[in-house]
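So this one's protein_31.txt, compact mmCIF, C-alpha atoms and all ligand atoms:
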```txt
# COMPACT_ATOMS: atom_id res chain seq x y z
CA MET I 5 -7.81 81.36 40.72
CA SER I 6 -8.53 79.76 44.06
CA ALA I 7 -5.51 79.22 46.27
CA ALA I 8 -4.33 75.63 46.07
CA SER I 9 -2.93 73.89 49.10
CA TYR I 10 -0.38 71.09 49.24
CA THR I 11 1.44 69.00 51.79
CA LEU I 12 4.85 67.84 50.59
CA LEU I 13 6.09 64.76 52.45
CA ALA I 14 9.76 63.82 52.19
CA ASP I 15 12.54 61.87 53.93
CA ASP I 16 14.30 65.07 54.98
CA VAL I 17 13.63 68.79 55.17
CA LEU I 18 16.62 71.14 55.37
CA THR I 19 15.05 74.47 56.26
CA LEU I 20 18.18 76.66 56.00
CA ASP I 21 16.61 78.84 58.70
CA ALA I 22 18.90 80.70 61.12
CA HIS I 23 19.35 77.56 63.24
CA GLY I 24 19.80 75.17 60.31
CA THR I 25 16.76 73.15 61.44
CA HIS I 26 16.57 69.69 59.86
CA HIS I 27 13.48 67.42 60.02
CA THR I 28 13.81 63.68 59.33
CA PRO I 29 11.29 62.78 57.99
CA GLY I 30 9.64 66.10 57.30
CA ALA I 31 6.87 68.00 55.60
CA VAL I 32 6.22 71.40 54.08
CA GLY I 33 2.65 72.69 53.92
CA ILE I 34 1.66 75.22 51.27
CA GLU I 35 -1.40 77.49 51.25
CA GLY I 36 -1.67 79.60 48.14
CA ALA I 37 1.69 81.24 47.52
CA ARG I 38 2.99 80.79 51.07
CA ILE I 39 4.46 78.17 53.34
CA SER I 40 1.90 77.30 56.02
CA TYR I 41 3.78 74.54 57.85
CA VAL I 42 7.31 73.18 58.22
CA GLY I 43 8.05 70.27 60.54
CA PRO I 44 7.57 66.56 61.04
CA PRO I 45 4.89 64.93 58.85
CA PRO I 46 1.51 66.09 60.23
CA LYS I 47 -1.09 63.53 61.38
CA ALA I 48 -3.73 65.02 59.09
CA PRO I 49 -2.05 66.55 56.03
CA THR I 50 -4.14 69.22 54.28
CA GLY I 51 -4.67 69.81 50.58
CA THR I 52 -3.10 67.71 47.88
CA VAL I 53 -0.52 65.36 49.36
CA VAL I 54 2.66 65.06 47.29
CA ARG I 55 4.75 62.10 48.42
CA LEU I 56 8.41 62.70 47.65
CA GLU I 57 9.90 59.47 48.92
CA GLY I 58 13.69 59.35 48.82
CA CYS I 59 13.87 63.14 48.57
CA VAL I 60 15.18 66.00 50.65
CA LEU I 61 13.24 69.28 50.57
CA LEU I 62 15.20 72.54 50.37
CA PRO I 63 14.41 76.16 49.71
CA GLY I 64 14.55 76.82 45.95
CA LEU I 65 18.00 77.80 44.74
CA ILE I 66 18.80 81.41 43.86
CA ASN I 67 21.08 82.29 40.95
CA VAL I 68 22.29 85.84 41.55
CA HIS I 69 23.93 86.41 38.15
CA THR I 70 22.63 85.08 34.85
CA HIS I 71 22.07 86.12 31.26
CA THR I 72 19.39 83.65 30.19
CA PRO I 73 19.32 84.56 26.46
CA MET I 74 23.03 83.74 26.14
CA TRP I 75 21.93 80.10 26.33
CA LEU I 76 22.08 80.46 22.52
CA PHE I 77 25.87 80.88 22.56
CA ARG I 78 26.85 77.78 24.55
CA GLY I 79 29.85 76.13 22.91
CA LEU I 80 30.73 79.02 20.60
CA THR I 81 33.39 80.73 22.70
CA GLU I 82 35.83 78.10 23.92
CA ASP I 83 39.37 78.49 25.26
CA VAL I 84 39.62 82.14 24.28
CA PRO I 85 42.79 84.12 25.16
CA ARG I 86 42.37 86.40 28.18
CA GLY I 87 40.92 89.77 27.21
CA GLU I 88 39.39 88.67 23.90
CA TRP I 89 36.18 87.03 25.02
CA LEU I 90 33.79 89.96 25.32
CA ALA I 91 34.88 92.29 22.54
CA GLY I 92 36.42 89.73 20.21
CA ARG I 93 34.04 86.80 20.46
CA MET I 94 30.75 87.83 22.04
CA ARG I 95 30.05 91.08 20.23
CA PRO I 96 30.05 89.58 16.69
CA LEU I 97 27.68 86.85 17.89
CA GLU I 98 25.42 89.29 19.69
CA ALA I 99 25.15 91.43 16.57
CA ARG I 100 23.40 88.50 14.89
CA VAL I 101 20.49 88.03 17.26
CA GLY I 102 17.34 90.06 17.71
CA PRO I 103 14.53 90.08 20.25
CA ARG I 104 12.88 86.92 18.87
CA GLU I 105 16.05 84.85 19.26
CA LEU I 106 16.78 86.37 22.66
CA ARG I 107 13.32 85.49 23.89
CA ALA I 108 13.72 81.90 22.65
CA GLY I 109 17.15 81.60 24.29
CA GLY I 110 15.84 83.18 27.48
CA LEU I 111 13.03 80.67 27.75
CA ALA I 112 15.42 77.75 27.18
CA GLY I 113 17.70 79.17 29.87
CA CYS I 114 14.76 79.39 32.28
CA LEU I 115 13.78 75.80 31.47
CA GLU I 116 17.34 74.58 32.12
CA MET I 117 17.47 76.35 35.47
CA LEU I 118 14.00 75.28 36.64
CA LEU I 119 14.82 71.64 35.93
CA GLY I 120 17.96 72.12 38.03
CA GLY I 121 16.10 73.45 41.07
CA VAL I 122 16.60 77.17 40.55
CA THR I 123 13.54 79.19 41.62
CA THR I 124 14.89 82.77 41.62
CA ILE I 125 17.26 84.46 39.18
CA ALA I 126 18.86 87.86 38.79
CA ASP I 127 18.89 88.18 35.02
CA ARG I 128 20.31 90.93 32.88
CA TYR I 129 20.90 91.46 29.18
CA ARG I 130 19.78 93.42 26.17
CA ALA I 131 16.11 93.49 25.07
CA MET I 132 14.95 92.70 28.59
CA GLY I 133 11.39 93.74 27.75
CA ASP I 134 11.17 90.70 25.47
CA VAL I 135 13.25 88.43 27.68
CA ALA I 136 11.09 89.33 30.68
CA ASP I 137 8.06 87.93 28.79
CA ALA I 138 9.86 84.58 28.62
CA ILE I 139 10.90 84.70 32.26
CA GLU I 140 7.39 85.61 33.37
CA ALA I 141 5.95 82.73 31.34
CA SER I 142 8.42 80.28 32.87
CA GLY I 143 7.06 80.85 36.38
CA LEU I 144 10.49 81.69 37.82
CA ARG I 145 10.90 84.43 40.40
CA ALA I 146 13.22 87.02 38.88
CA VAL I 147 14.73 90.44 39.11
CA VAL I 148 15.38 91.66 35.58
CA ALA I 149 17.75 94.43 34.55
CA HIS I 150 18.14 95.93 31.11
CA SER I 151 21.83 96.45 30.38
CA LEU I 152 22.85 100.11 30.11
CA TYR I 153 25.91 101.44 28.29
CA ASP I 154 27.19 104.94 27.54
CA GLU I 155 26.44 104.08 23.95
CA GLY I 156 22.68 104.40 23.56
CA ALA I 157 22.29 105.42 27.21
CA GLU I 158 19.15 107.48 26.66
CA ARG I 159 17.30 104.68 24.94
CA GLY I 160 18.53 102.21 27.55
CA LEU I 161 17.19 104.39 30.35
CA ARG I 162 13.86 104.74 28.53
CA ASP I 163 13.64 100.95 28.18
CA THR I 164 14.42 100.64 31.88
CA GLU I 165 11.64 103.11 32.71
CA SER I 166 9.15 101.06 30.68
CA LEU I 167 10.21 97.91 32.51
CA LEU I 168 9.73 99.76 35.81
CA GLU I 169 6.25 100.87 34.74
CA ARG I 170 5.37 97.32 33.81
CA PHE I 171 6.79 95.34 36.74
CA GLY I 172 7.77 97.84 39.44
CA ALA I 173 10.77 97.37 41.70
CA ASP I 174 9.08 95.68 44.65
CA PRO I 175 9.61 91.90 44.97
CA GLU I 176 6.69 91.71 47.44
CA ARG I 177 4.26 92.92 44.83
CA SER I 178 5.45 91.15 41.72
CA ARG I 179 7.16 87.80 41.08
CA VAL I 180 9.14 89.55 38.33
CA TRP I 181 10.56 92.89 39.38
CA VAL I 182 13.11 95.33 38.02
CA GLY I 183 16.71 96.14 38.86
CA LEU I 184 18.92 98.74 37.23
CA GLY I 185 21.62 97.27 35.02
CA PRO I 186 24.57 99.54 34.19
CA HIS I 187 26.85 97.13 32.32
CA ALA I 188 30.28 97.68 33.90
CA THR I 189 32.65 100.32 35.22
CA ASP I 190 34.44 100.79 31.86
CA THR I 191 31.34 100.90 29.65
CA CYS I 192 29.44 103.31 31.93
CA GLY I 193 30.85 106.79 32.58
CA PRO I 194 30.06 109.01 35.56
CA ALA I 195 27.16 110.78 33.84
CA LEU I 196 25.24 107.55 33.21
CA LEU I 197 26.09 106.09 36.61
CA GLY I 198 24.95 109.36 38.23
CA GLU I 199 21.59 108.98 36.48
CA VAL I 200 21.41 105.37 37.65
CA ALA I 201 22.05 106.45 41.24
CA VAL I 202 19.21 108.99 41.03
CA LEU I 203 16.84 106.46 39.45
CA ALA I 204 17.75 103.94 42.15
CA GLN I 205 16.84 106.47 44.83
CA ARG I 206 13.56 107.35 43.13
CA SER I 207 12.41 103.82 42.29
CA GLY I 208 13.91 101.80 45.14
CA ALA I 209 15.39 99.43 42.56
CA ARG I 210 18.68 97.63 43.26
CA VAL I 211 21.66 98.27 41.03
CA PHE I 212 23.39 95.35 39.27
CA ILE I 213 26.79 95.96 37.69
CA HIS I 214 29.80 93.96 36.50
CA LEU I 215 32.89 94.96 38.47
CA ALA I 216 36.55 94.48 37.51
CA GLN I 217 35.71 91.54 35.29
CA SER I 218 38.70 92.02 32.98
CA GLU I 219 42.14 93.61 32.96
CA ALA I 220 40.94 95.94 30.21
CA GLU I 221 38.14 97.21 32.46
CA VAL I 222 40.58 98.01 35.27
CA ALA I 223 42.95 99.75 32.85
CA ALA I 224 40.13 101.85 31.36
CA VAL I 225 38.95 103.01 34.78
CA ARG I 226 42.50 103.84 35.89
CA ALA I 227 43.04 105.80 32.67
CA ARG I 228 40.13 108.00 33.78
CA GLY I 229 42.09 108.83 36.93
CA HIS I 230 40.44 106.49 39.43
CA ALA I 231 42.38 104.23 41.79
CA GLY I 232 40.31 101.25 40.68
CA CYS I 233 36.86 100.02 39.65
CA ALA I 234 35.53 99.78 43.23
CA ALA I 235 36.87 103.22 44.19
CA TYR I 236 35.15 104.62 41.09
CA LEU I 237 31.77 103.17 42.10
CA ASP I 238 32.27 104.27 45.68
CA ALA I 239 32.93 107.87 44.63
CA LEU I 240 29.54 107.79 42.88
CA GLY I 241 27.77 106.32 45.92
CA LEU I 242 27.33 103.00 44.12
CA LEU I 243 28.77 100.55 46.63
CA GLY I 244 26.59 99.28 49.47
CA PRO I 245 23.90 96.80 50.45
CA THR I 246 21.53 97.73 47.62
CA VAL I 247 24.17 97.24 44.92
CA VAL I 248 24.98 93.79 43.53
CA VAL I 249 28.42 93.64 41.92
CA ALA I 250 29.30 90.67 39.75
CA HIS I 251 32.72 89.00 39.64
CA GLY I 252 35.26 91.45 41.09
CA THR I 253 37.82 89.16 39.44
CA TYR I 254 40.59 91.76 39.16
CA LEU I 255 40.03 93.71 42.39
CA ALA I 256 43.19 94.58 44.32
CA ASP I 257 43.17 93.72 48.04
CA ASP I 258 42.28 97.23 49.23
CA GLU I 259 39.44 97.38 46.70
CA ALA I 260 38.08 94.00 47.79
CA ASP I 261 38.16 95.31 51.37
CA LEU I 262 36.29 98.45 50.31
CA VAL I 263 33.53 96.39 48.62
CA GLY I 264 33.18 94.38 51.83
CA ARG I 265 33.32 97.37 54.16
CA ARG I 266 30.36 98.94 52.33
CA ARG I 267 28.44 95.65 52.87
CA THR I 268 27.98 95.40 49.12
CA ALA I 269 26.25 92.31 47.70
CA VAL I 270 28.57 90.23 45.54
CA ALA I 271 27.63 87.78 42.78
CA HIS I 272 30.44 85.24 42.77
CA CYS I 273 30.66 83.25 39.54
CA PRO I 274 33.62 80.92 40.11
CA SER I 275 33.35 78.68 37.05
CA SER I 276 32.88 81.62 34.69
CA ASN I 277 35.87 83.45 36.19
CA ALA I 278 37.97 80.29 35.92
CA LYS I 279 36.99 79.50 32.36
CA LEU I 280 37.08 83.02 30.86
CA GLU I 281 39.88 84.57 32.89
CA GLY I 282 41.79 81.70 34.50
CA ARG I 283 41.27 83.45 37.84
CA VAL I 284 39.60 83.13 41.23
CA ALA I 285 37.97 86.38 42.37
CA PRO I 286 39.06 87.62 45.83
CA VAL I 287 35.65 86.72 47.22
CA ALA I 288 37.04 85.30 50.46
CA ARG I 289 38.53 88.70 51.18
CA MET I 290 35.32 90.58 50.24
CA ARG I 291 33.31 88.26 52.45
CA GLN I 292 35.69 88.58 55.35
CA ALA I 293 35.38 92.36 55.10
CA GLY I 294 31.56 92.23 55.23
CA ALA I 295 30.19 91.56 51.73
CA VAL I 296 27.06 89.43 51.33
CA VAL I 297 27.94 86.75 48.78
CA GLY I 298 25.64 84.75 46.54
CA LEU I 299 26.61 82.43 43.69
CA GLY I 300 25.85 82.97 40.03
CA THR I 301 26.35 80.74 37.04
CA ASP I 302 26.79 83.65 34.63
CA ALA I 303 25.77 82.81 31.05
CA ALA I 304 25.65 79.32 29.56
CA CYS I 305 28.50 80.24 27.22
CA CYS I 306 30.80 81.20 30.11
CA ASN I 307 31.07 77.95 32.01
CA ASN I 308 29.03 76.08 30.06
CA GLY I 309 25.96 75.47 32.20
CA MET I 310 23.48 76.90 34.62
CA ASP I 311 23.65 74.27 37.37
CA LEU I 312 23.97 75.82 40.84
CA PHE I 313 24.98 72.48 42.35
CA ALA I 314 28.03 72.47 40.07
CA GLU I 315 28.65 76.09 41.01
CA MET I 316 28.64 75.35 44.76
CA ARG I 317 31.18 72.60 44.23
CA MET I 318 33.33 74.83 42.05
CA ALA I 319 33.15 77.70 44.55
CA GLY I 320 34.33 75.39 47.32
CA LEU I 321 37.14 73.78 45.36
CA LEU I 322 38.54 76.90 43.71
CA ASN I 323 38.46 79.00 46.86
CA LYS I 324 40.16 76.27 48.89
CA VAL I 325 42.90 76.12 46.25
CA ALA I 326 43.19 79.92 46.02
CA ALA I 327 43.54 80.20 49.80
CA ASP I 328 45.81 77.14 50.07
CA ASP I 329 43.52 76.11 52.94
CA PRO I 330 41.00 73.22 52.74
CA THR I 331 39.10 74.43 55.82
CA LEU I 332 37.83 77.58 54.11
CA PHE I 333 34.41 77.77 52.41
CA PRO I 334 32.79 74.95 54.42
CA ALA I 335 29.87 73.15 52.77
CA ALA I 336 27.28 74.80 55.01
CA ASP I 337 28.43 78.25 53.85
CA LEU I 338 28.32 77.17 50.20
CA LEU I 339 24.73 75.94 50.54
CA ARG I 340 23.78 79.30 52.07
CA MET I 341 25.36 81.09 49.11
CA VAL I 342 22.61 79.66 46.87
CA THR I 343 19.79 80.01 49.41
CA SER I 344 19.64 82.35 52.43
CA ASP I 345 22.74 84.44 51.63
CA ALA I 346 21.74 84.70 47.97
CA ALA I 347 18.30 85.93 49.08
CA ALA I 348 19.97 88.55 51.28
CA ALA I 349 22.15 89.64 48.35
CA LEU I 350 18.99 90.35 46.36
CA GLY I 351 17.14 91.93 49.30
CA ILE I 352 14.46 89.20 49.38
CA GLU I 353 15.48 87.29 52.50
CA HIS I 354 12.11 88.15 54.09
CA LEU I 355 10.38 86.34 51.20
CA VAL I 356 12.54 83.35 50.22
CA GLY I 357 15.87 81.61 50.88
CA SER I 358 14.71 79.37 53.74
CA LEU I 359 11.74 77.12 54.48
CA GLU I 360 9.82 78.98 57.19
CA THR I 361 6.12 79.52 57.82
CA GLY I 362 4.88 82.68 56.14
CA LYS I 363 7.59 82.80 53.49
CA ARG I 364 6.82 82.29 49.81
CA ALA I 365 6.51 78.63 48.90
CA ASP I 366 9.63 78.25 46.74
CA VAL I 367 10.54 74.64 47.50
CA ILE I 368 12.56 71.98 45.71
CA ALA I 369 12.85 68.23 46.20
CA VAL I 370 16.22 66.62 45.51
CA ASP I 371 16.33 62.86 45.01
CA LYS I 372 18.93 61.26 47.25
CA ARG I 373 18.51 57.66 46.16
CA SER I 374 21.06 57.45 43.33
CA ALA I 375 24.49 55.86 43.80
CA HIS I 376 26.29 59.21 43.82
CA MET I 377 24.03 60.54 46.64
CA GLN I 378 24.51 57.66 49.09
CA PRO I 379 25.30 57.08 51.89
CA TRP I 380 23.50 60.02 53.49
CA HIS I 381 25.92 60.67 56.37
CA ASP I 382 26.19 64.39 55.77
CA PRO I 383 23.22 65.87 53.88
CA VAL I 384 24.84 69.28 53.40
CA ALA I 385 28.11 67.87 52.06
CA ASN I 386 26.19 65.54 49.73
CA LEU I 387 24.13 68.44 48.37
CA VAL I 388 27.19 70.62 47.82
CA TYR I 389 29.73 68.10 46.53
CA ALA I 390 27.74 65.12 45.20
CA ALA I 391 24.38 66.39 43.93
CA ARG I 392 23.67 67.45 40.34
CA GLY I 393 20.93 69.61 38.91
CA SER I 394 19.47 66.48 37.33
CA ASP I 395 18.77 65.08 40.82
CA VAL I 396 15.98 67.65 41.28
CA ARG I 397 12.62 65.90 41.21
CA ALA I 398 10.11 68.65 42.03
CA VAL I 399 10.07 72.44 42.02
CA PHE I 400 7.44 74.80 43.44
CA VAL I 401 7.52 78.59 43.05
CA ASP I 402 4.96 80.75 44.85
CA GLY I 403 3.16 77.51 45.75
CA GLN I 404 2.75 76.50 42.10
CA PRO I 405 4.17 73.18 40.96
CA LEU I 406 6.52 73.94 38.04
CA VAL I 407 8.42 70.63 37.93
CA LEU I 408 7.03 67.25 39.01
CA ASP I 409 8.78 63.91 38.51
CA ARG I 410 11.57 65.81 36.73
CA HIS I 411 9.19 67.11 34.05
CA PRO I 412 8.10 70.72 33.58
CA VAL I 413 4.43 71.15 34.41
CA ARG I 414 3.75 74.44 32.68
CA LEU I 415 6.39 74.61 29.94
CA ASP I 416 6.46 72.62 26.72
CA ALA I 417 10.12 71.59 26.89
CA GLU I 418 10.19 70.03 23.44
CA ARG I 419 8.86 73.11 21.71
CA ILE I 420 11.01 75.50 23.73
CA LEU I 421 14.18 73.58 22.91
CA ALA I 422 13.25 73.24 19.24
CA ASP I 423 12.69 77.03 18.97
CA ALA I 424 15.87 77.91 20.82
CA VAL I 425 18.03 75.42 18.93
CA GLN I 426 16.70 76.86 15.70
CA ALA I 427 17.48 80.40 16.89
CA ALA I 428 20.99 79.26 17.83
CA GLY I 429 21.50 77.40 14.56
CA ALA I 430 22.27 80.49 12.52
CA LEU I 431 25.11 81.46 14.83
CA ALA I 432 27.66 78.68 14.39
CA PRO I 433 29.23 80.14 11.21
CA VAL I 434 29.82 83.42 13.06
CA ALA I 435 31.89 81.88 15.85
CA VAL I 436 35.26 83.55 15.42
CA GLY I 437 38.60 81.83 15.60
CA ARG I 438 37.40 78.25 15.28
ZN ZN T 501 27.62 88.81 33.54
```
Transcribe the structure of this file into structure tokens.
Ligand SMILES: [Zn+2]
Amino acid sequence: MSAASYTLLADDVLTLDAHGTHHTPGAVGIEGARISYVGPPPKAPTGTVVRLEGCVLLPGLINVHTHTPMWLFRGLTEDVPRGEWLAGRMRPLEARVGPRELRAGGLAGCLEMLLGGVTTIADRYRAMGDVADAIEASGLRAVVAHSLYDEGAERGLRDTESLLERFGADPERSRVWVGLGPHATDTCGPALLGEVAVLAQRSGARVFIHLAQSEAEVAAVRARGHAGCAAYLDALGLLGPTVVVAHGTYLADDEADLVGRRRTAVAHCPSSNAKLEGRVAPVARMRQAGAVVGLGTDAACCNNGMDLFAEMRMAGLLNKVAADDPTLFPAADLLRMVTSDAAAALGIEHLVGSLETGKRADVIAVDKRSAHMQPWHDPVANLVYAARGSDVRAVFVDGQPLVLDRHPVRLDAERILADAVQAAGALAPVAVGR
């Protein structure tokens, strides 16, 4: 395929580079998979000119914690008492779906995110070999991790090895690459986590794990004689910049400090934590201590959507309330948590997360003409607190147009939704406690 080139012309370009450079009006040039130009509109634009009047261009958004196949379960686990969600509600539902359904749900989840301006995801679940097919077909950039548990650990590790053989662990070489996905600190004992640490060393893959996401998890780890979930990971060498921990909802202060001190990457999922646990994770404390924080939506049945604009707003509001301080989590920081900081959390900041010449051309155009996006006094505040996923008009990943005029270019949305809704249809009678 010959490398296509484009010039995107828009009212504004927010680069999210280190200086926060903003061009009004602005342009982004694309050559093949890379950004070839960022600046004011050039006198002689090259390639196909895409006029995005009324739009602001941004780096594509990065969702650092998702489970795309769980799209199928949206609306089946509502207002569940604390501690019952995972074991009591999710497991019976999960027992009813196989690889075909998971692939259909995964593709629908990818479609939902692409239409909302997400260009990179960190996805993890069961049957990731099948789900990865869907993710690859969607055109998204993704790190995929097959969930590992003590139960069935050997098979899980074998499945992880096959994913590694297929995609590798290097985001420079493959748009879909592999992470290691031990499920959580209660469901993974020291033997399995030790194997994960060795495999991480050998393959260079990042480790993705849920951390202190429930009171039961903390109690289980303490019953094993550890001070807490973070101390347990630390003793195994599994805190640090190449480990992405999700949630940390029930971390004590000293544990949150430890996560930060090790410069661990943290996936903060504020709406999921609020809806499933009624809690705000101590992410301000982790960040203060040195953690790199990106935002995740978690699964569509946790919050109940995969819109990173909604997640930025929620992260700002909940953390201001938790800290009793409206100056914390300023809008500029929140926007970085879905772009440059999120890229750093996944170790891909040299590739994406800002609009800079030489980086991969993951670019989105957000329409700023609707009533809820005007006036345009403060572009960053509007994007964080006023914008919605449905304001996204165009999405490019690796220089390929995936959404134009709010419609998917490559995916057949009607068919994908019909398949996924059918796969979800058999589940409603299984929803417990309704
Ligand atoms: Zn999760």
ask   = Which residues come within 6 Å of stretch 285-295 of chain I, counting only C-alpha atoms, excluding same-chain residues fewer than 3 positions away, as a list in words?
value = Gly252, Thr253, Ala260, Asp261, Gly264, Arg265, Arg267, Thr268 and Ala269 of chain I
request  = Considering all atoms listed in the file, return as a VMD selection string whatever protein or nucleic-acid residues lie within 8 Å of I:Pro44, sequence-local ones (same chain, fewer than 4 positions apart) excluded.
outcome  = chain I and resid 27 to 31
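Here the question is which of I:Ala365, I:Ser374, I:Ala430, I:His411 gets nearest to I:Asp395 using only C-alpha atoms, and that residue is I:Ser374.
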Quick one: which chain I residues come within 8 Å of ligand ZN 501 (chain T), and what is the nearest atom pair for each with the distance in Å to one decimal, counting all atoms listed in the file, rows ordered by chain and ascending number, as JSON lines?
```
{"residue": "I:His69", "atom": "CA", "partner": "T:ZN501", "partner_atom": "ZN", "distance": 6.4}
{"residue": "I:Thr70", "atom": "CA", "partner": "T:ZN501", "partner_atom": "ZN", "distance": 6.4}
{"residue": "I:His71", "atom": "CA", "partner": "T:ZN501", "partner_atom": "ZN", "distance": 6.6}
{"residue": "I:Arg128", "atom": "CA", "partner": "T:ZN501", "partner_atom": "ZN", "distance": 7.6}
{"residue": "I:His214", "atom": "CA", "partner": "T:ZN501", "partner_atom": "ZN", "distance": 6.3}
{"residue": "I:Ala250", "atom": "CA", "partner": "T:ZN501", "partner_atom": "ZN", "distance": 6.7}
{"residue": "I:His251", "atom": "CA", "partner": "T:ZN501", "partner_atom": "ZN", "distance": 8.0}
{"residue": "I:Asp302", "atom": "CA", "partner": "T:ZN501", "partner_atom": "ZN", "distance": 5.3}
{"residue": "I:Ala303", "atom": "CA", "partner": "T:ZN501", "partner_atom": "ZN", "distance": 6.8}
```
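The neighbours of I:Gly183 here are the residues that come within 9 Å of it, using all atoms listed in the file and leaving out any residue fewer than 6 positions away in the same chain; they are Ala126, Arg128, Val147, Val148, Ala149, His150, Thr164, Leu168, Ala173, Ala204, Gly208, Ala209, Arg210, Val211 and Phe212 of chain I.
Nearest to I:Thr19 of all the residues I:Ala37, I:Val60, I:Ala108, I:Met377 is I:Val60, counting all atoms listed in the file.
Atom to atom, atom CA of I:Phe400 and atom CA of I:Val367 stand 5.1 Å apart.
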